[in-house]
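K.L.:
The following file, input.txt, comprises compact mmCIF, C-alpha atoms and all ligand atoms:
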# COMPACT_ATOMS: atom_id res chain seq x y z
CA MET A 1 -11.93 -11.23 23.66
CA SER A 2 -10.50 -12.17 20.28
CA ALA A 3 -11.81 -15.37 18.76
CA LEU A 4 -9.43 -16.08 15.88
CA HIS A 5 -5.81 -16.84 16.57
CA TYR A 6 -3.07 -16.63 13.98
CA ARG A 7 0.68 -16.70 14.09
CA ALA A 8 0.93 -13.76 11.70
CA VAL A 9 -1.48 -11.43 9.94
CA PHE A 10 -0.64 -9.27 6.92
CA ILE A 11 -2.80 -6.33 5.79
CA SER A 12 -2.23 -3.31 3.54
CA ASP A 13 -3.83 -0.53 1.52
CA ILE A 14 -6.18 0.71 4.21
CA HIS A 15 -5.99 4.33 2.98
CA LEU A 16 -7.04 5.90 6.28
CA GLY A 17 -7.70 9.59 5.74
CA THR A 18 -9.96 8.98 2.75
CA ARG A 19 -13.71 8.38 2.64
CA ASP A 20 -13.16 5.01 1.00
CA THR A 21 -11.82 2.94 3.90
CA HIS A 22 -14.16 0.27 5.29
CA CYS A 23 -13.23 1.20 8.87
CA GLU A 24 -16.02 -0.78 10.51
CA GLN A 25 -15.08 -3.99 8.70
CA LEU A 26 -11.41 -3.48 9.55
CA LEU A 27 -12.12 -2.69 13.16
CA ASP A 28 -14.27 -5.80 13.44
CA PHE A 29 -11.47 -7.86 11.85
CA LEU A 30 -8.85 -6.44 14.24
CA GLN A 31 -11.11 -7.10 17.22
CA GLN A 32 -11.82 -10.72 16.25
CA VAL A 33 -8.23 -11.56 15.36
CA GLN A 34 -5.34 -12.09 17.71
CA CYS A 35 -1.86 -12.66 16.31
CA GLU A 36 1.76 -12.81 17.41
CA GLN A 37 2.90 -10.72 14.47
CA LEU A 38 1.00 -8.06 12.60
CA TYR A 39 2.48 -6.73 9.38
CA LEU A 40 1.14 -3.50 7.89
CA LEU A 41 2.33 -3.55 4.30
CA GLY A 42 1.88 0.07 3.32
CA ASP A 43 -0.68 2.66 2.26
CA VAL A 44 -2.12 2.40 5.76
CA ILE A 45 -2.54 6.17 6.03
CA ASP A 46 -3.16 8.08 2.82
CA ILE A 47 -0.94 11.11 3.22
CA TRP A 48 -1.35 11.99 -0.51
CA LYS A 49 -5.05 12.57 0.02
CA ALA A 50 -4.35 14.75 3.05
CA LYS A 51 -3.32 17.48 0.64
CA SER A 52 -6.73 17.54 -1.04
CA GLY A 53 -8.91 17.22 2.06
CA TRP A 54 -8.25 15.08 5.10
CA HIS A 55 -11.08 12.81 6.23
CA TRP A 56 -10.43 11.50 9.75
CA PRO A 57 -13.60 10.35 11.53
CA MET A 58 -13.63 8.63 14.90
CA GLN A 59 -13.51 5.26 13.16
CA SER A 60 -10.10 6.01 11.59
CA HIS A 61 -8.88 7.00 15.00
CA ASN A 62 -10.25 3.73 16.43
CA VAL A 63 -8.39 1.68 13.83
CA MET A 64 -5.08 3.34 14.73
CA HIS A 65 -5.86 3.02 18.41
CA HIS A 66 -6.60 -0.68 18.06
CA ILE A 67 -3.34 -1.33 16.21
CA LEU A 68 -1.34 0.52 18.88
CA ASP A 69 -3.28 -1.37 21.54
CA LYS A 70 -2.27 -4.68 19.96
CA ALA A 71 1.36 -3.50 19.95
CA SER A 72 1.15 -2.67 23.66
CA ARG A 73 -0.31 -6.11 24.44
CA GLY A 74 2.52 -8.15 22.99
CA THR A 75 1.79 -8.33 19.26
CA GLN A 76 4.91 -7.54 17.25
CA VAL A 77 3.72 -4.87 14.84
CA SER A 78 5.79 -3.99 11.77
CA TYR A 79 4.85 -1.16 9.45
CA ILE A 80 6.31 -0.98 5.95
CA PRO A 81 5.28 2.39 4.47
CA GLY A 82 3.91 2.39 0.92
CA ASN A 83 3.80 5.11 -1.70
CA HIS A 84 0.75 6.83 -0.19
CA ASP A 85 2.43 7.02 3.22
CA GLU A 86 5.97 7.33 1.91
CA ALA A 87 6.63 10.30 4.23
CA LEU A 88 6.98 7.63 6.93
CA ARG A 89 9.87 6.04 5.03
CA ALA A 90 12.03 8.78 6.56
CA TYR A 91 11.39 7.03 9.90
CA ALA A 92 12.48 3.58 8.72
CA ASN A 93 14.36 1.57 11.36
CA THR A 94 12.74 3.40 14.24
CA ILE A 95 10.16 2.19 16.73
CA PHE A 96 7.09 4.36 17.24
CA GLU A 97 4.73 3.46 20.12
CA GLY A 98 5.84 -0.16 19.85
CA VAL A 99 5.43 -0.22 16.05
CA ASN A 100 8.54 -1.14 14.15
CA ILE A 101 8.85 0.98 10.99
CA VAL A 102 10.93 -0.71 8.30
CA MET A 103 11.36 -0.45 4.52
CA GLU A 104 10.88 -4.17 4.05
CA ALA A 105 10.90 -7.28 6.21
CA GLU A 106 11.49 -10.99 6.20
CA HIS A 107 9.04 -13.41 7.77
CA HIS A 108 9.81 -17.03 8.65
CA THR A 109 6.73 -19.24 8.66
CA ALA A 110 6.23 -21.95 11.29
CA ASP A 111 7.22 -24.54 8.67
CA GLY A 112 10.46 -22.76 7.82
CA LYS A 113 9.59 -20.83 4.65
CA ARG A 114 11.24 -17.46 4.10
CA LEU A 115 8.94 -14.71 2.87
CA LEU A 116 9.94 -11.29 1.55
CA LEU A 117 7.58 -8.54 2.71
CA LEU A 118 7.28 -5.17 1.03
CA HIS A 119 4.61 -2.76 -0.19
CA GLY A 120 5.09 -3.30 -3.90
CA ASP A 121 5.35 0.10 -5.57
CA GLU A 122 8.91 -1.06 -6.28
CA PHE A 123 7.32 -2.93 -9.21
CA ASP A 124 5.41 0.06 -10.57
CA ASN A 125 7.14 -0.09 -13.93
CA ALA A 126 5.05 -3.17 -14.58
CA VAL A 127 1.73 -1.45 -13.80
CA ARG A 128 2.22 2.15 -14.82
CA HIS A 129 -0.41 1.89 -17.56
CA SER A 130 -2.99 0.13 -15.45
CA LYS A 131 -2.77 3.01 -12.95
CA MET A 132 -3.77 5.34 -15.75
CA LEU A 133 -6.65 3.03 -16.63
CA HIS A 134 -7.61 2.97 -12.99
CA ALA A 135 -7.80 6.77 -12.95
CA LEU A 136 -10.08 6.60 -15.97
CA GLY A 137 -12.21 4.35 -13.77
CA SER A 138 -15.87 4.32 -12.95
CA HIS A 139 -16.57 8.07 -13.08
CA ALA A 140 -15.60 8.17 -16.71
CA TYR A 141 -17.82 5.22 -17.53
CA ASP A 142 -21.14 7.08 -17.42
CA LEU A 143 -19.68 9.89 -19.46
CA LEU A 144 -18.37 7.37 -21.99
CA LEU A 145 -21.86 5.91 -22.38
CA VAL A 146 -23.26 9.31 -23.26
CA LEU A 147 -20.37 10.13 -25.58
CA ASN A 148 -20.68 6.73 -27.24
CA ARG A 149 -24.33 7.33 -28.11
CA TRP A 150 -23.57 10.80 -29.42
CA GLN A 151 -20.49 9.62 -31.29
CA ASN A 152 -22.32 6.76 -33.01
CA TYR A 153 -25.06 9.16 -34.13
CA TRP A 154 -22.43 11.24 -35.95
CA ARG A 155 -20.52 8.21 -37.23
CA ARG A 156 -23.77 6.92 -38.78
CA ARG A 157 -24.44 10.30 -40.40
CA MET A 158 -20.92 10.32 -41.83
CA GLY A 159 -21.26 6.77 -43.07
CA MET A 160 -18.74 5.35 -40.59
CA PRO A 161 -19.15 1.98 -38.86
CA HIS A 162 -20.49 1.67 -35.33
CA TRP A 163 -17.90 1.96 -32.53
CA SER A 164 -18.47 -0.32 -29.57
CA LEU A 165 -18.01 0.88 -26.02
CA ALA A 166 -18.41 -2.69 -24.75
CA GLY A 167 -15.51 -3.77 -26.94
CA PHE A 168 -13.39 -0.84 -25.76
CA ILE A 169 -13.96 -1.78 -22.12
CA LYS A 170 -13.30 -5.45 -22.74
CA GLN A 171 -10.03 -4.55 -24.44
CA HIS A 172 -8.98 -2.37 -21.51
CA ALA A 173 -10.01 -5.00 -18.96
CA ARG A 174 -7.74 -7.40 -20.82
CA GLN A 175 -4.92 -4.86 -20.65
CA ALA A 176 -5.50 -4.30 -16.93
CA ARG A 177 -5.34 -8.08 -16.42
CA ALA A 178 -2.06 -8.19 -18.34
CA HIS A 179 -0.59 -5.44 -16.16
CA ILE A 180 -1.59 -7.25 -12.97
CA GLU A 181 0.14 -10.35 -14.31
CA SER A 182 3.30 -8.34 -15.08
CA TYR A 183 3.24 -7.00 -11.55
CA GLU A 184 2.89 -10.49 -10.08
CA GLN A 185 5.72 -11.76 -12.23
CA ALA A 186 7.98 -8.83 -11.27
CA ALA A 187 7.28 -9.48 -7.57
CA ALA A 188 7.90 -13.23 -7.85
CA HIS A 189 11.06 -12.60 -9.86
CA GLU A 190 12.45 -10.29 -7.16
CA ALA A 191 11.71 -12.87 -4.43
CA LYS A 192 13.34 -15.62 -6.49
CA ARG A 193 16.41 -13.51 -7.32
CA ARG A 194 16.95 -12.91 -3.61
CA GLY A 195 16.48 -16.55 -2.63
CA TYR A 196 13.09 -16.32 -0.89
CA ASP A 197 10.39 -18.99 -0.98
CA GLY A 198 7.65 -16.40 -1.36
CA ILE A 199 6.61 -12.78 -1.29
CA VAL A 200 3.79 -10.95 0.49
CA CYS A 201 2.97 -7.51 -0.87
CA GLY A 202 0.02 -5.19 -1.51
CA HIS A 203 -0.26 -2.00 -3.58
CA ILE A 204 -2.44 -3.13 -6.51
CA HIS A 205 -5.61 -3.84 -4.48
CA GLN A 206 -5.81 -7.30 -5.97
CA ALA A 207 -5.65 -10.00 -3.30
CA ALA A 208 -4.00 -13.22 -4.44
CA ASP A 209 -2.51 -16.50 -3.35
CA LYS A 210 -0.80 -18.31 -6.17
CA THR A 211 2.43 -19.83 -7.34
CA VAL A 212 4.26 -17.72 -9.92
CA ASP A 213 7.41 -19.15 -11.44
CA GLY A 214 7.88 -21.52 -8.48
CA ILE A 215 7.46 -18.70 -5.93
CA ARG A 216 4.49 -18.34 -3.58
CA TYR A 217 2.96 -14.98 -4.47
CA LEU A 218 0.61 -13.52 -1.88
CA ASN A 219 -1.10 -10.18 -2.15
CA THR A 220 -2.91 -8.73 0.86
CA GLY A 221 -5.45 -6.82 -1.28
CA ASP A 222 -7.01 -3.79 0.41
CA TRP A 223 -9.63 -2.33 2.78
CA VAL A 224 -11.20 0.16 0.40
CA GLU A 225 -12.95 -2.35 -1.83
CA ASN A 226 -12.30 -5.95 -0.91
CA CYS A 227 -11.51 -6.12 2.86
CA THR A 228 -8.88 -8.84 2.55
CA ALA A 229 -5.91 -10.11 4.54
CA ILE A 230 -3.32 -12.87 4.52
CA ALA A 231 -3.00 -14.91 7.71
CA GLU A 232 -0.58 -17.62 8.80
CA ASP A 233 -1.87 -20.32 11.15
CA PHE A 234 0.27 -22.08 13.74
CA SER A 235 1.29 -24.86 11.35
CA GLY A 236 2.68 -22.34 8.87
CA GLN A 237 -0.21 -22.55 6.39
CA LEU A 238 -0.99 -19.24 4.72
CA HIS A 239 -4.59 -18.24 4.04
CA LEU A 240 -6.17 -15.52 1.98
CA ILE A 241 -9.11 -14.12 3.93
CA CYS A 242 -11.95 -12.08 2.47
CA TRP A 243 -13.40 -10.84 5.76
CA PRO A 244 -16.99 -9.91 4.76
CA ARG A 245 -17.43 -13.22 2.95
CA GLN A 246 -15.69 -15.54 5.42
CA ARG A 247 -16.32 -13.86 8.75
CA GLU A 248 -19.16 -16.11 9.92
CA ALA A 249 -17.55 -19.35 8.79
CA LEU A 250 -14.17 -18.49 10.36
CA LEU A 251 -15.73 -17.48 13.66
CA SER A 252 -17.86 -20.62 13.85
CA GLU A 253 -14.77 -22.82 13.33
CA ALA A 254 -12.57 -20.80 15.70
CA CYS A 255 -10.65 -22.72 18.33
CA PRO A 256 -8.05 -21.64 20.92
CA PRO A 257 -4.41 -21.32 19.82
CA PRO A 258 -2.11 -24.31 20.44
CA LEU A 259 0.06 -24.15 23.54
CA ARG A 260 3.56 -23.30 22.42
CA VAL A 261 6.40 -25.49 23.64
CA ASP A 262 8.76 -22.51 24.04
CA ARG A 263 6.20 -20.76 26.21
CA LEU A 264 5.84 -23.87 28.39
CA LYS A 265 9.63 -23.92 28.77
CA ASP A 266 9.56 -20.25 29.82
CA MET A 267 6.91 -21.02 32.38
CA ALA A 268 8.91 -23.95 33.77
CA ALA A 269 12.13 -21.92 34.01
MN MN A 301 0.44 1.64 -3.01
Go through the file and emit its structure as structure tokens.
Ligand SMILES: [Mn+2]

P.N.:
Amino acid sequence: MSALHYRAVFISDIHLGTRDTHCEQLLDFLQQVQCEQLYLLGDVIDIWKAKSGWHWPMQSHNVMHHILDKASRGTQVSYIPGNHDEALRAYANTIFEGVNIVMEAEHHTADGKRLLLLHGDEFDNAVRHSKMLHALGSHAYDLLLVLNRWQNYWRRRMGMPHWSLAGFIKQHARQARAHIESYEQAAAHEAKRRGYDGIVCGHIHQAADKTVDGIRYLNTGDWVENCTAIAEDFSGQLHLICWPRQREALLSEACPPPLRVDRLKDMAA
């Protein structure tokens, strides 16, 4: 029995098919949460990675099964493919096992706000460089440390000044930050241009809830590092959830969903 009730839940960047997905966390989240609408905002299945070795344990299967189970029990499930599952874009505007596949969607909150929903690789021009930095990533870090020591030995011998790895990383962290900000601005700009009150997207694995240029910018984050989601309660308030950090607190405060007037009308009819 689910404990947490939301009007809508938005998740993305699950990357099923890779070894990186926190399947157990996600499965726990899906089991504890009940919602009227579930939006999957892309990179749910990592079809890119399938080419270099598919990793599909029972847990990945369970995640898919649970999502389809929700769809069969009355949750409206919408799936907006991202760039890692872009093969599914060919199936846009079809319904698969109760899951509505669409290129983008519009969500109306309980308090009447219009939100644009998409994956977000549409704004890749703004983050192209940070992707490259991302690829450089943690594996290169250890190697850099070794090279830095070796390099400074030779620089000293040649009478050159010391070169700082810490400074190099700081500089690149600043650049990565700047690219994330460009992405957020590009997303907010698109929502504003099209007359929306806000945008919910994913793609950059950087969960957020902020106002950018007068537009509510929400990013669902990911389930490979952060285990985050956006959820709308029955009053229309939107919340950024970091599941591992907030799980206990959310479950201890959980209360049943409000009775909906339209449902009461249906029952009376
Ligand atoms: Mn993506």

K.L.:
Between A:Val44, A:Met103, A:Ala191, A:Leu116, which is the closest to ligand MN 301 (chain A) once you count all atoms listed in the file?

P.N.:
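Under the stated criterion, the closest residue is A:Val44.
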
K.L.:
Expressed in Å to a single decimal, how great is the separation between CA of Gln185 in chain A and CA of Cys227 in chain A?

P.N.:
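Separating CA of Gln185 in chain A from CA of Cys227 in chain A is a distance of 23.6 Å.
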
K.L.:
Just want the residues within 10 Å of ligand MN 301 (chain A), written as JSON, numbers by chain, counting all atoms listed in the file.

P.N.:
{"A": [12, 13, 14, 15, 41, 42, 43, 44, 46, 81, 82, 83, 84, 85, 86, 119, 120, 121, 122, 124, 201, 202, 203, 204, 205, 222]}

K.L.:
Mind giving me the straight-line distance from CA of Ser60 in chain A to CA of Tyr79 in chain A in Å, one decimal?

P.N.:
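Between these atoms lies a distance of 16.7 Å.
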
K.L.:
Smallest atom-to-atom distance to Lys49 in chain A: which of A:Gln32, A:Gln25, A:Thr75, A:Thr18, using all atoms listed in the file?

P.N.:
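That would be A:Thr18, the residue with the smallest distance to Lys49 in chain A.
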
K.L.:
When you draw a straight line from CA of Val9 in chain A to CA of Tyr39 in chain A, how long is it in Å?

P.N.:
6.2 Å

K.L.:
For Gly167 in chain A, list every protein, DNA or RNA residue within 12 Å, evaluated using only C-alpha atoms, and leave out those in the same chain fewer than 6 positions away; present the list as a ChimeraX atom specification.

P.N.:
/A:148,173-174

K.L.:
Go ahead and write the selection's residues with C-alpha atoms as a tab-separated table (two decimals), in the coordinates of the input.

P.N.:
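Full text of again-v9.tsv as output:
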chain	number	residue	atom	x	y	z
A	148	ASN	CA	-20.68	6.73	-27.24
A	173	ALA	CA	-10.01	-5.00	-18.96
A	174	ARG	CA	-7.74	-7.40	-20.82

K.L.:
Name all residues at most 10 Å from Ala90 in chain A (count only C-alpha atoms; drop same-chain ones fewer than 2 positions away) and give them as a count of residues only.

P.N.:
10

K.L.:
Counting all atoms listed in the file, figure out which residue out of A:Asn226, A:Lys113, A:Lys192, A:Ala231 gets nearest to Asp213 in chain A.

P.N.:
A:Lys192

K.L.:
Would you kindly return, as number ranges by chain, each protein, DNA or RNA residue with an atom no farther than 12 Å from any atom of Arg194 in chain A, considering only C-alpha atoms and excluding same-chain residues fewer than 5 positions away?

P.N.:
A: 106, 114-116, 187-189, 199, 215

K.L.:
From the options A:Trp243, A:Gly159, A:Met58, A:Pro256, which residue's atoms come nearest to Asp28 in chain A, counting only C-alpha atoms?

P.N.:
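So, comparing all the options, the nearest one is A:Trp243.
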
K.L.:
Please provide the set of residues having any atom within 10 Å of His61 in chain A, restricted to all atoms listed in the file, with same-chain residues fewer than 3 positions apart removed, written as a PDB file with C-alpha atoms, keeping the file's coordinate frame.

P.N.:
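Generated file (part-v8.pdb):
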ATOM      1  CA  LEU A  16      -7.040   5.900   6.280  1.00  0.00           C
ATOM      2  CA  GLY A  17      -7.700   9.590   5.740  1.00  0.00           C
ATOM      3  CA  CYS A  23     -13.230   1.200   8.870  1.00  0.00           C
ATOM      4  CA  TRP A  56     -10.430  11.500   9.750  1.00  0.00           C
ATOM      5  CA  PRO A  57     -13.600  10.350  11.530  1.00  0.00           C
ATOM      6  CA  MET A  58     -13.630   8.630  14.900  1.00  0.00           C
ATOM      7  CA  MET A  64      -5.080   3.340  14.730  1.00  0.00           C
ATOM      8  CA  HIS A  65      -5.860   3.020  18.410  1.00  0.00           C
ATOM      9  CA  HIS A  66      -6.600  -0.680  18.060  1.00  0.00           C
TER      10      HIS A  66
END

K.L.:
Residues at most 8 Å from Cys255 in chain A, counting only C-alpha atoms, excluding those fewer than 4 positions away in the same chain, as a list of chain:residue names?

P.N.:
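My reading of the contact set: A:Ala3, A:Leu4, A:His5.
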
K.L.:
I'd like to know which of A:Met158, A:Leu238, A:Trp150, A:Thr228 is closest to Leu30 in chain A, using all atoms listed in the file.

P.N.:
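Once distances to Leu30 in chain A are computed over all atoms listed in the file, the minimum belongs to A:Thr228.
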
K.L.:
Quick one: what's the axis-aligned box for range 212-227 of chain A, all listed atoms, 8 Å on every side, centre and edges in Å to one decimal, as JSON?

P.N.:
{"center_x": -2.5, "center_y": -10.7, "center_z": -4.3, "size_x": 36.8, "size_y": 37.7, "size_z": 30.3}

K.L.:
Taking all atoms listed in the file into account, which of A:Gln171, A:Lys51, A:Tyr217, A:Tyr196 comes nearest Tyr183 in chain A?

P.N.:
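Once distances to Tyr183 in chain A are computed over all atoms listed in the file, the minimum belongs to A:Tyr217.
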
K.L.:
Taking the partial coordinates given, rebuild range 81-104 of chain A to contain N, CA and C atoms; return it as a PDB file, keeping the file's coordinate frame.

P.N.:
ATOM      1  N   PRO A  81       6.024   1.350   5.186  1.00  0.00           N
ATOM      2  CA  PRO A  81       5.280   2.390   4.470  1.00  0.00           C
ATOM      3  C   PRO A  81       5.199   2.126   2.966  1.00  0.00           C
ATOM      4  N   GLY A  82       4.087   2.524   2.368  1.00  0.00           N
ATOM      5  CA  GLY A  82       3.910   2.390   0.920  1.00  0.00           C
ATOM      6  C   GLY A  82       4.117   3.716   0.223  1.00  0.00           C
ATOM      7  N   ASN A  83       3.606   3.853  -0.981  1.00  0.00           N
ATOM      8  CA  ASN A  83       3.800   5.110  -1.700  1.00  0.00           C
ATOM      9  C   ASN A  83       2.833   6.201  -1.240  1.00  0.00           C
ATOM     10  N   HIS A  84       1.673   5.821  -0.696  1.00  0.00           N
ATOM     11  CA  HIS A  84       0.750   6.830  -0.190  1.00  0.00           C
ATOM     12  C   HIS A  84       1.116   7.327   1.213  1.00  0.00           C
ATOM     13  N   ASP A  85       1.942   6.560   1.916  1.00  0.00           N
ATOM     14  CA  ASP A  85       2.430   7.020   3.220  1.00  0.00           C
ATOM     15  C   ASP A  85       3.958   7.037   3.219  1.00  0.00           C
ATOM     16  N   GLU A  86       4.516   7.402   2.061  1.00  0.00           N
ATOM     17  CA  GLU A  86       5.970   7.330   1.910  1.00  0.00           C
ATOM     18  C   GLU A  86       6.710   8.320   2.813  1.00  0.00           C
ATOM     19  N   ALA A  87       5.989   9.358   3.311  1.00  0.00           N
ATOM     20  CA  ALA A  87       6.630  10.300   4.230  1.00  0.00           C
ATOM     21  C   ALA A  87       7.177   9.540   5.449  1.00  0.00           C
ATOM     22  N   LEU A  88       6.540   8.413   5.767  1.00  0.00           N
ATOM     23  CA  LEU A  88       6.980   7.630   6.930  1.00  0.00           C
ATOM     24  C   LEU A  88       8.252   6.837   6.648  1.00  0.00           C
ATOM     25  N   ARG A  89       8.627   6.768   5.361  1.00  0.00           N
ATOM     26  CA  ARG A  89       9.870   6.040   5.030  1.00  0.00           C
ATOM     27  C   ARG A  89      11.085   6.726   5.664  1.00  0.00           C
ATOM     28  N   ALA A  90      10.941   8.040   5.912  1.00  0.00           N
ATOM     29  CA  ALA A  90      12.030   8.780   6.560  1.00  0.00           C
ATOM     30  C   ALA A  90      12.268   8.253   7.980  1.00  0.00           C
ATOM     31  N   TYR A  91      11.268   7.545   8.528  1.00  0.00           N
ATOM     32  CA  TYR A  91      11.390   7.030   9.900  1.00  0.00           C
ATOM     33  C   TYR A  91      11.720   5.546   9.931  1.00  0.00           C
ATOM     34  N   ALA A  92      12.137   5.003   8.782  1.00  0.00           N
ATOM     35  CA  ALA A  92      12.480   3.580   8.720  1.00  0.00           C
ATOM     36  C   ALA A  92      13.550   3.257   9.754  1.00  0.00           C
ATOM     37  N   ASN A  93      13.442   2.057  10.322  1.00  0.00           N
ATOM     38  CA  ASN A  93      14.360   1.570  11.360  1.00  0.00           C
ATOM     39  C   ASN A  93      14.217   2.331  12.686  1.00  0.00           C
ATOM     40  N   THR A  94      13.014   2.849  12.918  1.00  0.00           N
ATOM     41  CA  THR A  94      12.740   3.400  14.240  1.00  0.00           C
ATOM     42  C   THR A  94      11.497   2.681  14.797  1.00  0.00           C
ATOM     43  N   ILE A  95      11.326   2.789  16.092  1.00  0.00           N
ATOM     44  CA  ILE A  95      10.160   2.190  16.730  1.00  0.00           C
ATOM     45  C   ILE A  95       9.283   3.307  17.272  1.00  0.00           C
ATOM     46  N   PHE A  96       8.020   3.327  16.814  1.00  0.00           N
ATOM     47  CA  PHE A  96       7.090   4.360  17.240  1.00  0.00           C
ATOM     48  C   PHE A  96       5.946   3.705  18.002  1.00  0.00           C
ATOM     49  N   GLU A  97       5.806   4.020  19.279  1.00  0.00           N
ATOM     50  CA  GLU A  97       4.730   3.460  20.120  1.00  0.00           C
ATOM     51  C   GLU A  97       4.656   1.932  19.993  1.00  0.00           C
ATOM     52  N   GLY A  98       5.819   1.303  19.944  1.00  0.00           N
ATOM     53  CA  GLY A  98       5.840  -0.160  19.850  1.00  0.00           C
ATOM     54  C   GLY A  98       5.701  -0.687  18.439  1.00  0.00           C
ATOM     55  N   VAL A  99       5.549   0.214  17.455  1.00  0.00           N
ATOM     56  CA  VAL A  99       5.430  -0.220  16.050  1.00  0.00           C
ATOM     57  C   VAL A  99       6.776  -0.022  15.365  1.00  0.00           C
ATOM     58  N   ASN A 100       7.237  -1.123  14.793  1.00  0.00           N
ATOM     59  CA  ASN A 100       8.540  -1.140  14.150  1.00  0.00           C
ATOM     60  C   ASN A 100       8.393  -0.663  12.702  1.00  0.00           C
ATOM     61  N   ILE A 101       8.963   0.479  12.365  1.00  0.00           N
ATOM     62  CA  ILE A 101       8.850   0.980  10.990  1.00  0.00           C
ATOM     63  C   ILE A 101      10.075   0.538  10.194  1.00  0.00           C
ATOM     64  N   VAL A 102       9.829  -0.174   9.115  1.00  0.00           N
ATOM     65  CA  VAL A 102      10.930  -0.710   8.300  1.00  0.00           C
ATOM     66  C   VAL A 102      10.583  -0.571   6.812  1.00  0.00           C
ATOM     67  N   MET A 103      11.597  -0.569   5.962  1.00  0.00           N
ATOM     68  CA  MET A 103      11.360  -0.450   4.520  1.00  0.00           C
ATOM     69  C   MET A 103      10.848  -1.753   3.935  1.00  0.00           C
ATOM     70  N   GLU A 104      11.382  -2.854   4.429  1.00  0.00           N
ATOM     71  CA  GLU A 104      10.880  -4.170   4.050  1.00  0.00           C
ATOM     72  C   GLU A 104      11.208  -5.129   5.189  1.00  0.00           C
TER      73      GLU A 104
END
